[in-house]
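Structure file entry-v7.cif; described as mmCIF, C-alpha atoms and all ligand atoms.
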```cif
data_my_file
#
loop_
_atom_site.group_PDB
_atom_site.id
_atom_site.type_symbol
_atom_site.label_atom_id
_atom_site.label_comp_id
_atom_site.auth_asym_id
_atom_site.auth_seq_id
_atom_site.Cartn_x
_atom_site.Cartn_y
_atom_site.Cartn_z
ATOM 1 C CA MET P 1 32.257 41.507 -19.041
ATOM 2 C CA LYS P 2 29.218 43.573 -19.868
ATOM 3 C CA ARG P 3 29.856 47.237 -20.540
ATOM 4 C CA TYR P 4 27.678 50.067 -19.435
ATOM 5 C CA TYR P 5 25.102 50.834 -22.113
ATOM 6 C CA THR P 6 27.298 49.330 -24.800
ATOM 7 C CA SER P 7 26.277 45.682 -24.569
ATOM 8 C CA ASP P 8 24.543 43.851 -27.373
ATOM 9 C CA THR P 9 21.326 43.443 -25.417
ATOM 10 C CA THR P 10 18.313 45.615 -26.141
ATOM 11 C CA TRP P 11 16.342 47.690 -23.688
ATOM 12 C CA GLY P 12 13.414 45.743 -22.356
ATOM 13 C CA GLY P 13 15.062 42.401 -22.955
ATOM 14 C CA VAL P 14 13.013 41.313 -25.956
ATOM 15 C CA THR P 15 15.339 38.721 -27.429
ATOM 16 C CA ASN P 16 17.983 38.026 -24.817
ATOM 17 C CA GLN P 17 18.265 35.833 -21.744
ATOM 18 C CA MET P 18 18.004 38.502 -19.109
ATOM 19 C CA VAL P 19 16.469 37.770 -15.761
ATOM 20 C CA PHE P 20 16.144 41.398 -14.696
ATOM 21 C CA THR P 21 15.935 44.626 -16.675
ATOM 22 C CA HIS P 22 19.020 45.732 -18.527
ATOM 23 C CA ASP P 23 19.872 48.565 -16.132
ATOM 24 C CA THR P 24 19.557 46.278 -13.118
ATOM 25 C CA GLU P 25 21.880 43.665 -14.567
ATOM 26 C CA VAL P 26 24.468 46.226 -15.637
ATOM 27 C CA TRP P 27 24.356 48.004 -12.293
ATOM 28 C CA ILE P 28 24.719 44.873 -10.237
ATOM 29 C CA GLU P 29 27.587 43.585 -12.347
ATOM 30 C CA GLN P 30 29.287 46.957 -11.986
ATOM 31 C CA ALA P 31 28.846 46.720 -8.210
ATOM 32 C CA THR P 32 30.262 43.190 -8.221
ATOM 33 C CA ALA P 33 33.304 44.297 -10.182
ATOM 34 C CA LEU P 34 33.823 47.202 -7.797
ATOM 35 C CA VAL P 35 33.703 44.968 -4.718
ATOM 36 C CA ASN P 36 36.181 42.593 -6.371
ATOM 37 C CA THR P 37 38.777 45.342 -6.777
ATOM 38 C CA LEU P 38 39.722 44.554 -3.176
ATOM 39 C CA ASP P 39 41.143 41.037 -3.040
ATOM 40 C CA SER P 40 40.553 38.822 -0.028
ATOM 41 C CA ASP P 41 44.326 38.843 0.533
ATOM 42 C CA GLY P 42 44.242 42.620 0.899
ATOM 43 C CA VAL P 43 45.593 43.648 -2.517
ATOM 44 C CA ASP P 44 43.756 46.804 -3.551
ATOM 45 C CA GLU P 45 43.313 47.396 -7.276
ATOM 46 C CA LEU P 46 42.096 50.899 -6.447
ATOM 47 C CA ALA P 47 45.200 52.150 -4.700
ATOM 48 C CA GLU P 48 45.361 55.529 -6.440
ATOM 49 C CA PRO P 49 43.181 57.752 -8.644
ATOM 50 C CA ALA P 50 44.823 56.426 -11.813
ATOM 51 C CA ASP P 51 43.672 52.907 -10.849
ATOM 52 C CA LEU P 52 40.114 54.154 -10.679
ATOM 53 C CA GLN P 53 40.415 55.520 -14.216
ATOM 54 C CA VAL P 54 41.532 52.088 -15.395
ATOM 55 C CA PHE P 55 38.547 50.507 -13.651
ATOM 56 C CA LEU P 56 36.181 53.023 -15.253
ATOM 57 C CA GLU P 57 37.478 52.195 -18.708
ATOM 58 C CA SER P 58 35.992 48.720 -18.442
ATOM 59 C CA HIS P 59 33.148 49.754 -16.121
ATOM 60 C CA PRO P 60 32.058 53.204 -17.308
ATOM 61 C CA TYR P 61 29.619 55.389 -15.409
ATOM 62 C CA PHE P 62 27.715 58.126 -17.203
ATOM 63 C CA GLY P 63 28.658 61.576 -15.911
ATOM 64 C CA LEU P 64 31.657 63.458 -14.641
ATOM 65 C CA VAL P 65 34.780 61.986 -13.083
ATOM 66 C CA ALA P 66 36.938 64.222 -10.871
ATOM 67 C CA GLU P 67 40.089 62.046 -10.808
ATOM 68 C CA THR P 68 40.959 63.210 -7.286
ATOM 69 C CA GLU P 69 42.099 61.503 -4.090
ATOM 70 C CA ASP P 70 38.819 62.512 -2.423
ATOM 71 C CA GLU P 71 36.828 60.846 -5.152
ATOM 72 C CA LEU P 72 38.859 57.675 -4.796
ATOM 73 C CA ALA P 73 38.339 57.668 -1.021
ATOM 74 C CA GLU P 74 34.584 58.027 -1.505
ATOM 75 C CA VAL P 75 34.503 55.221 -4.054
ATOM 76 C CA ARG P 76 36.412 52.928 -1.702
ATOM 77 C CA GLU P 77 33.925 53.769 1.046
ATOM 78 C CA VAL P 78 31.060 52.789 -1.267
ATOM 79 C CA ARG P 79 32.944 49.617 -2.149
ATOM 80 C CA SER P 80 33.113 48.449 1.461
ATOM 81 C CA GLN P 81 29.468 49.382 1.982
ATOM 82 C CA LEU P 82 28.450 47.291 -1.041
ATOM 83 C CA GLY P 83 30.750 44.448 -0.006
ATOM 84 C CA ARG P 84 28.760 44.073 3.207
ATOM 85 C CA LEU P 85 25.759 43.039 1.135
ATOM 86 C CA TRP P 86 27.476 39.748 0.257
ATOM 87 C CA GLN P 87 28.024 39.063 3.937
ATOM 88 C CA VAL P 88 24.516 39.514 5.318
ATOM 89 C CA ALA P 89 22.561 36.421 6.279
ATOM 90 C CA ASP P 90 19.570 37.144 4.086
ATOM 91 C CA ARG P 91 17.673 39.867 2.258
ATOM 92 C CA ASP P 92 16.011 41.052 5.463
ATOM 93 C CA ASP P 93 19.432 42.055 6.769
ATOM 94 C CA ALA P 94 20.225 43.710 3.445
ATOM 95 C CA VAL P 95 17.222 46.022 3.502
ATOM 96 C CA PRO P 96 18.560 48.525 6.063
ATOM 97 C CA ILE P 97 21.863 48.761 4.168
ATOM 98 C CA VAL P 98 20.172 49.304 0.815
ATOM 99 C CA ASN P 99 17.745 51.844 2.254
ATOM 100 C CA GLU P 100 20.588 53.720 3.891
ATOM 101 C CA ILE P 101 22.538 53.867 0.642
ATOM 102 C CA LEU P 102 19.484 55.128 -1.251
ATOM 103 C CA THR P 103 18.876 57.828 1.347
ATOM 104 C CA THR P 104 22.498 58.919 1.643
ATOM 105 C CA ALA P 105 22.929 58.993 -2.128
ATOM 106 C CA GLY P 106 19.729 60.991 -2.501
ATOM 107 C CA ALA P 107 18.477 58.575 -5.136
ATOM 108 C CA CYS P 108 15.819 60.247 -7.236
ATOM 109 C CA PRO P 109 14.781 58.184 -10.271
ATOM 110 C CA PHE P 110 14.071 59.939 -13.538
ATOM 111 C CA LEU P 111 13.882 59.065 -17.221
ATOM 112 C CA ILE P 112 16.506 60.212 -19.683
ATOM 113 C CA ARG P 113 17.525 59.689 -23.313
ATOM 114 C CA HIS P 114 21.150 60.175 -24.278
ATOM 115 C CA ASP P 115 23.855 58.925 -26.608
ATOM 116 C CA GLY P 116 21.379 57.068 -28.780
ATOM 117 C CA TRP P 117 19.808 55.179 -25.872
ATOM 118 C CA ASP P 118 16.036 55.272 -25.625
ATOM 119 C CA TRP P 119 14.268 56.283 -22.409
ATOM 120 C CA HIS P 120 15.895 54.642 -19.442
ATOM 121 C CA LEU P 121 16.349 55.126 -15.745
ATOM 122 C CA HIS P 122 18.900 57.318 -14.009
ATOM 123 C CA VAL P 123 18.780 57.754 -10.265
ATOM 124 C CA THR P 124 21.154 60.619 -9.513
ATOM 125 C CA PRO P 125 21.831 63.910 -11.280
ATOM 126 C CA THR P 126 24.484 63.569 -13.963
ATOM 127 C CA ASP P 127 26.695 66.073 -12.139
ATOM 128 C CA ALA P 128 26.494 64.223 -8.798
ATOM 129 C CA PRO P 129 29.843 62.971 -7.458
ATOM 130 C CA LEU P 130 30.944 59.651 -8.960
ATOM 131 C CA ALA P 131 30.760 57.694 -5.688
ATOM 132 C CA ARG P 132 27.193 58.866 -5.133
ATOM 133 C CA ARG P 133 26.174 57.725 -8.624
ATOM 134 C CA MET P 134 27.892 54.368 -8.151
ATOM 135 C CA ALA P 135 26.216 53.823 -4.780
ATOM 136 C CA ALA P 136 22.746 54.819 -5.940
ATOM 137 C CA GLU P 137 22.802 52.673 -9.063
ATOM 138 C CA ALA P 138 24.089 49.669 -7.131
ATOM 139 C CA ALA P 139 21.418 50.125 -4.468
ATOM 140 C CA MET P 140 18.698 50.256 -7.128
ATOM 141 C CA ALA P 141 19.906 46.909 -8.438
ATOM 142 C CA PHE P 142 20.072 45.296 -4.990
ATOM 143 C CA LEU P 143 16.583 46.638 -4.396
ATOM 144 C CA GLU P 144 15.398 44.558 -7.352
ATOM 145 C CA LEU P 145 17.019 41.400 -5.953
ATOM 146 C CA ILE P 146 15.241 41.983 -2.656
ATOM 147 C CA ARG P 147 11.877 42.715 -4.247
ATOM 148 C CA ALA P 148 12.162 39.602 -6.403
ATOM 149 C CA ASP P 149 13.188 37.525 -3.371
ATOM 150 C CA ASP P 150 16.266 36.542 -5.344
ATOM 151 C CA TRP P 151 18.947 37.362 -2.816
ATOM 152 C CA GLU P 152 20.580 33.940 -3.205
ATOM 153 C CA ARG P 153 21.882 35.093 -6.571
ATOM 154 C CA LEU P 154 24.628 36.855 -4.636
ATOM 155 C CA LYS P 155 27.395 34.309 -4.179
ATOM 156 C CA THR P 156 31.050 33.920 -3.384
ATOM 157 C CA CYS P 157 33.177 32.228 -6.047
ATOM 158 C CA ALA P 158 33.598 28.492 -5.469
ATOM 159 C CA GLY P 159 37.125 28.633 -6.901
ATOM 160 C CA GLU P 160 39.760 27.425 -4.470
ATOM 161 C CA GLY P 161 41.344 30.364 -2.680
ATOM 162 C CA CYS P 162 39.496 32.889 -4.849
ATOM 163 C CA GLY P 163 37.176 34.812 -2.545
ATOM 164 C CA ASN P 164 35.683 36.981 -5.302
ATOM 165 C CA VAL P 165 32.005 37.789 -5.067
ATOM 166 C CA LEU P 166 29.661 37.185 -7.959
ATOM 167 C CA VAL P 167 26.095 37.737 -8.980
ATOM 168 C CA ASP P 168 24.464 34.762 -10.624
ATOM 169 C CA LEU P 169 22.220 36.094 -13.377
ATOM 170 C CA SER P 170 21.752 32.733 -15.071
ATOM 171 C CA LYS P 171 18.208 31.498 -15.585
ATOM 172 C CA ASN P 172 18.757 28.327 -13.519
ATOM 173 C CA ARG P 173 20.965 29.992 -10.873
ATOM 174 C CA SER P 174 23.821 27.609 -11.672
ATOM 175 C CA LYS P 175 26.748 30.018 -11.752
ATOM 176 C CA ARG P 176 29.431 29.107 -9.204
ATOM 177 C CA TYR P 177 32.607 30.811 -10.378
ATOM 178 C CA CYS P 178 33.609 34.420 -10.896
ATOM 179 C CA ASP P 179 34.571 35.652 -14.350
ATOM 180 C CA ALA P 180 38.044 36.708 -13.294
ATOM 181 C CA GLY P 181 40.956 34.427 -12.597
ATOM 182 C CA ASN P 182 39.797 31.504 -14.731
ATOM 183 C CA CYS P 183 38.265 29.844 -11.643
ATOM 184 C CA GLY P 184 35.663 27.825 -13.559
ATOM 185 C CA ASN P 185 38.236 26.374 -15.968
ATOM 186 C CA ARG P 186 40.640 25.496 -13.169
ATOM 187 C CA ALA P 187 37.894 23.648 -11.302
ATOM 188 C CA ALA P 188 36.924 21.758 -14.463
ATOM 189 C CA VAL P 189 40.535 20.686 -15.041
ATOM 190 C CA ALA P 190 40.890 19.575 -11.415
ATOM 191 C CA ALA P 191 37.681 17.545 -11.626
ATOM 192 C CA TYR P 192 38.888 15.958 -14.877
ATOM 193 C CA ARG P 193 42.206 14.962 -13.297
ATOM 194 C CA ALA P 194 40.403 13.555 -10.252
ATOM 195 C CA ARG P 195 38.242 11.408 -12.534
ATOM 196 C CA LYS P 196 41.328 10.208 -14.395
ATOM 197 C CA ARG P 197 43.010 9.241 -11.143
ATOM 198 C CA ALA P 198 39.907 7.390 -9.984
ATOM 199 C CA GLN P 199 39.865 5.254 -13.129
HETATM 200 ZN ZN ZN P 201 22.064 56.595 -19.229
HETATM 201 ZN ZN ZN P 202 36.885 33.090 -8.637
#
```
Output the structure of this file as structure tokens.
Ligand SMILES: [Zn+2]
Ligand SMILES: [Zn+2]
Amino acid sequence: MKRYYTSDTTWGGVTNQMVFTHDTEVWIEQATALVNTLDSDGVDELAEPADLQVFLESHPYFGLVAETEDELAEVREVRSQLGRLWQVADRDDAVPIVNEILTTAGACPFLIRHDGWDWHLHVTPTDAPLARRMAAEAAMAFLELIRADDWERLKTCAGEGCGNVLVDLSKNRSKRYCDAGNCGNRAAVAAYRARKRAQ
């Protein structure tokens, strides 16, 4: 799992395998992880404010965190809004959702340097509520997918009974399984056993 501004990639993507800019890839993976905190069987990994703190440890957002029930409710609202983006038919249907998020979040891009990071993009004031920052950053990333006509990179995990969403950032768009739950390995083992049986 890539961490916010702590990954081993460099800004601008000089030496790595990135398809989009660093911020875009981080933001969209953060959004994916957020959507996946609600399982398809209804189990909510963000049931209380403490759960959100656990999520933020592995998916940090720059800025203040209130650790309140209200904040959690707002984050869950953003989560369901972002989850809808995996359900639309195509990027045309995604545009109104993304535009609405950008407007509601008051996204206002600006350049900033902090914590040793060179100039990079922020889209909401640092003191904006957490949910607003999460929504705006996610929307900026989805915006890139739409502009690049790359909407098919948003997928649902092919793992049996999984239901997690994923964003395929591989060069050849070959990713089929989510990173959680070992889905890819399980499918490989099942395919291996099927081959064995066929022999
Ligand atoms: Zn930053
Ligand atoms: Zn999966």
Practice task
Let me have all residues with an atom within 12 Å of ligand ZN 201 (chain P), counting all atoms listed in the file, laid out as a VMD selection string.
Solution key: chain P and resid 4 to 6 11 22 to 23 26 to 27 60 to 63 109 to 126 133 137
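For the atom pair formed by CA of Thr24 in chain P and CA of Ala136 in chain P, the distance is 11.6 Å, given to one decimal.
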Considering all atoms listed in the file, give me a table of residues in chain P that are at most 12 Å from ligand ZN 202 (chain P), with the closest atom pair and distance in Å for each, as JSON lines.
```
{"residue": "P:Ala33", "atom": "CA", "partner": "P:ZN202", "partner_atom": "ZN", "distance": 11.9}
{"residue": "P:Asn36", "atom": "CA", "partner": "P:ZN202", "partner_atom": "ZN", "distance": 9.8}
{"residue": "P:Asp39", "atom": "CA", "partner": "P:ZN202", "partner_atom": "ZN", "distance": 10.6}
{"residue": "P:Ser40", "atom": "CA", "partner": "P:ZN202", "partner_atom": "ZN", "distance": 11.0}
{"residue": "P:Lys155", "atom": "CA", "partner": "P:ZN202", "partner_atom": "ZN", "distance": 10.6}
{"residue": "P:Thr156", "atom": "CA", "partner": "P:ZN202", "partner_atom": "ZN", "distance": 7.9}
{"residue": "P:Cys157", "atom": "CA", "partner": "P:ZN202", "partner_atom": "ZN", "distance": 4.6}
{"residue": "P:Ala158", "atom": "CA", "partner": "P:ZN202", "partner_atom": "ZN", "distance": 6.5}
{"residue": "P:Gly159", "atom": "CA", "partner": "P:ZN202", "partner_atom": "ZN", "distance": 4.8}
{"residue": "P:Glu160", "atom": "CA", "partner": "P:ZN202", "partner_atom": "ZN", "distance": 7.6}
{"residue": "P:Gly161", "atom": "CA", "partner": "P:ZN202", "partner_atom": "ZN", "distance": 7.9}
{"residue": "P:Cys162", "atom": "CA", "partner": "P:ZN202", "partner_atom": "ZN", "distance": 4.6}
{"residue": "P:Gly163", "atom": "CA", "partner": "P:ZN202", "partner_atom": "ZN", "distance": 6.3}
{"residue": "P:Asn164", "atom": "CA", "partner": "P:ZN202", "partner_atom": "ZN", "distance": 5.3}
{"residue": "P:Val165", "atom": "CA", "partner": "P:ZN202", "partner_atom": "ZN", "distance": 7.7}
{"residue": "P:Leu166", "atom": "CA", "partner": "P:ZN202", "partner_atom": "ZN", "distance": 8.3}
{"residue": "P:Val167", "atom": "CA", "partner": "P:ZN202", "partner_atom": "ZN", "distance": 11.8}
{"residue": "P:Lys175", "atom": "CA", "partner": "P:ZN202", "partner_atom": "ZN", "distance": 11.0}
{"residue": "P:Arg176", "atom": "CA", "partner": "P:ZN202", "partner_atom": "ZN", "distance": 8.5}
{"residue": "P:Tyr177", "atom": "CA", "partner": "P:ZN202", "partner_atom": "ZN", "distance": 5.2}
{"residue": "P:Cys178", "atom": "CA", "partner": "P:ZN202", "partner_atom": "ZN", "distance": 4.2}
{"residue": "P:Asp179", "atom": "CA", "partner": "P:ZN202", "partner_atom": "ZN", "distance": 6.7}
{"residue": "P:Ala180", "atom": "CA", "partner": "P:ZN202", "partner_atom": "ZN", "distance": 6.0}
{"residue": "P:Gly181", "atom": "CA", "partner": "P:ZN202", "partner_atom": "ZN", "distance": 5.8}
{"residue": "P:Asn182", "atom": "CA", "partner": "P:ZN202", "partner_atom": "ZN", "distance": 6.9}
{"residue": "P:Cys183", "atom": "CA", "partner": "P:ZN202", "partner_atom": "ZN", "distance": 4.6}
{"residue": "P:Gly184", "atom": "CA", "partner": "P:ZN202", "partner_atom": "ZN", "distance": 7.3}
{"residue": "P:Asn185", "atom": "CA", "partner": "P:ZN202", "partner_atom": "ZN", "distance": 10.0}
{"residue": "P:Arg186", "atom": "CA", "partner": "P:ZN202", "partner_atom": "ZN", "distance": 9.6}
{"residue": "P:Ala187", "atom": "CA", "partner": "P:ZN202", "partner_atom": "ZN", "distance": 9.9}
```
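One finds CA of Arg84 in chain P at 17.0 Å from CA of Glu144 in chain P.
Here CA of Leu72 in chain P stands at a distance of 9.8 Å from CA of Gln53 in chain P.
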Exercise for the section: List every protein, DNA or RNA residue with an atom no more than 12 Å from (22.5, 42.9, -10.9) in the file's coordinates, counting all atoms listed in the file, and format the result as a PyMOL selection string. Expected result: chain P and resi 2+18-33+137-146+148+150-155+166-170
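With distances restricted to all atoms listed in the file, P:Ala131 is the closest residue to Glu74 in chain P from P:Ala105, P:Ile97, P:Leu34, P:Ala131.
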Exercise for the section: Between P:Val65, P:Ala94, P:Glu57, P:Val43, single out the one closest to Leu82 in chain P, counting all atoms listed in the file. Expected result: P:Ala94
Output as a compact mmCIF listing (two decimals), in the coordinates of the input: range 131-146 of chain P, completed with N, CA and C atoms.
```
# COMPACT_ATOMS: atom_id res chain seq x y z
N ALA P 131 31.05 58.70 -6.71
CA ALA P 131 30.76 57.69 -5.69
C ALA P 131 29.27 57.64 -5.39
N ARG P 132 28.63 58.81 -5.41
CA ARG P 132 27.19 58.87 -5.13
C ARG P 132 26.41 58.19 -6.25
N ARG P 133 26.85 58.39 -7.49
CA ARG P 133 26.17 57.72 -8.62
C ARG P 133 26.38 56.21 -8.56
N MET P 134 27.60 55.80 -8.24
CA MET P 134 27.89 54.37 -8.15
C MET P 134 27.04 53.71 -7.05
N ALA P 135 26.96 54.38 -5.92
CA ALA P 135 26.22 53.82 -4.78
C ALA P 135 24.73 53.72 -5.11
N ALA P 136 24.18 54.78 -5.67
CA ALA P 136 22.75 54.82 -5.94
C ALA P 136 22.36 53.77 -6.97
N GLU P 137 23.13 53.65 -8.03
CA GLU P 137 22.80 52.67 -9.06
C GLU P 137 22.90 51.25 -8.52
N ALA P 138 23.94 50.99 -7.73
CA ALA P 138 24.09 49.67 -7.13
C ALA P 138 22.90 49.37 -6.22
N ALA P 139 22.53 50.34 -5.41
CA ALA P 139 21.42 50.12 -4.47
C ALA P 139 20.12 49.84 -5.21
N MET P 140 19.90 50.52 -6.33
CA MET P 140 18.70 50.26 -7.13
C MET P 140 18.67 48.81 -7.61
N ALA P 141 19.84 48.29 -7.95
CA ALA P 141 19.91 46.91 -8.44
C ALA P 141 19.68 45.92 -7.29
N PHE P 142 20.29 46.17 -6.15
CA PHE P 142 20.07 45.30 -4.99
C PHE P 142 18.61 45.32 -4.56
N LEU P 143 18.01 46.49 -4.69
CA LEU P 143 16.58 46.64 -4.40
C LEU P 143 15.75 45.64 -5.23
N GLU P 144 16.13 45.50 -6.49
CA GLU P 144 15.40 44.56 -7.35
C GLU P 144 15.57 43.11 -6.87
N LEU P 145 16.78 42.76 -6.46
CA LEU P 145 17.02 41.40 -5.95
C LEU P 145 16.14 41.13 -4.73
N ILE P 146 16.03 42.15 -3.88
CA ILE P 146 15.24 41.98 -2.66
C ILE P 146 13.76 41.86 -3.01
```
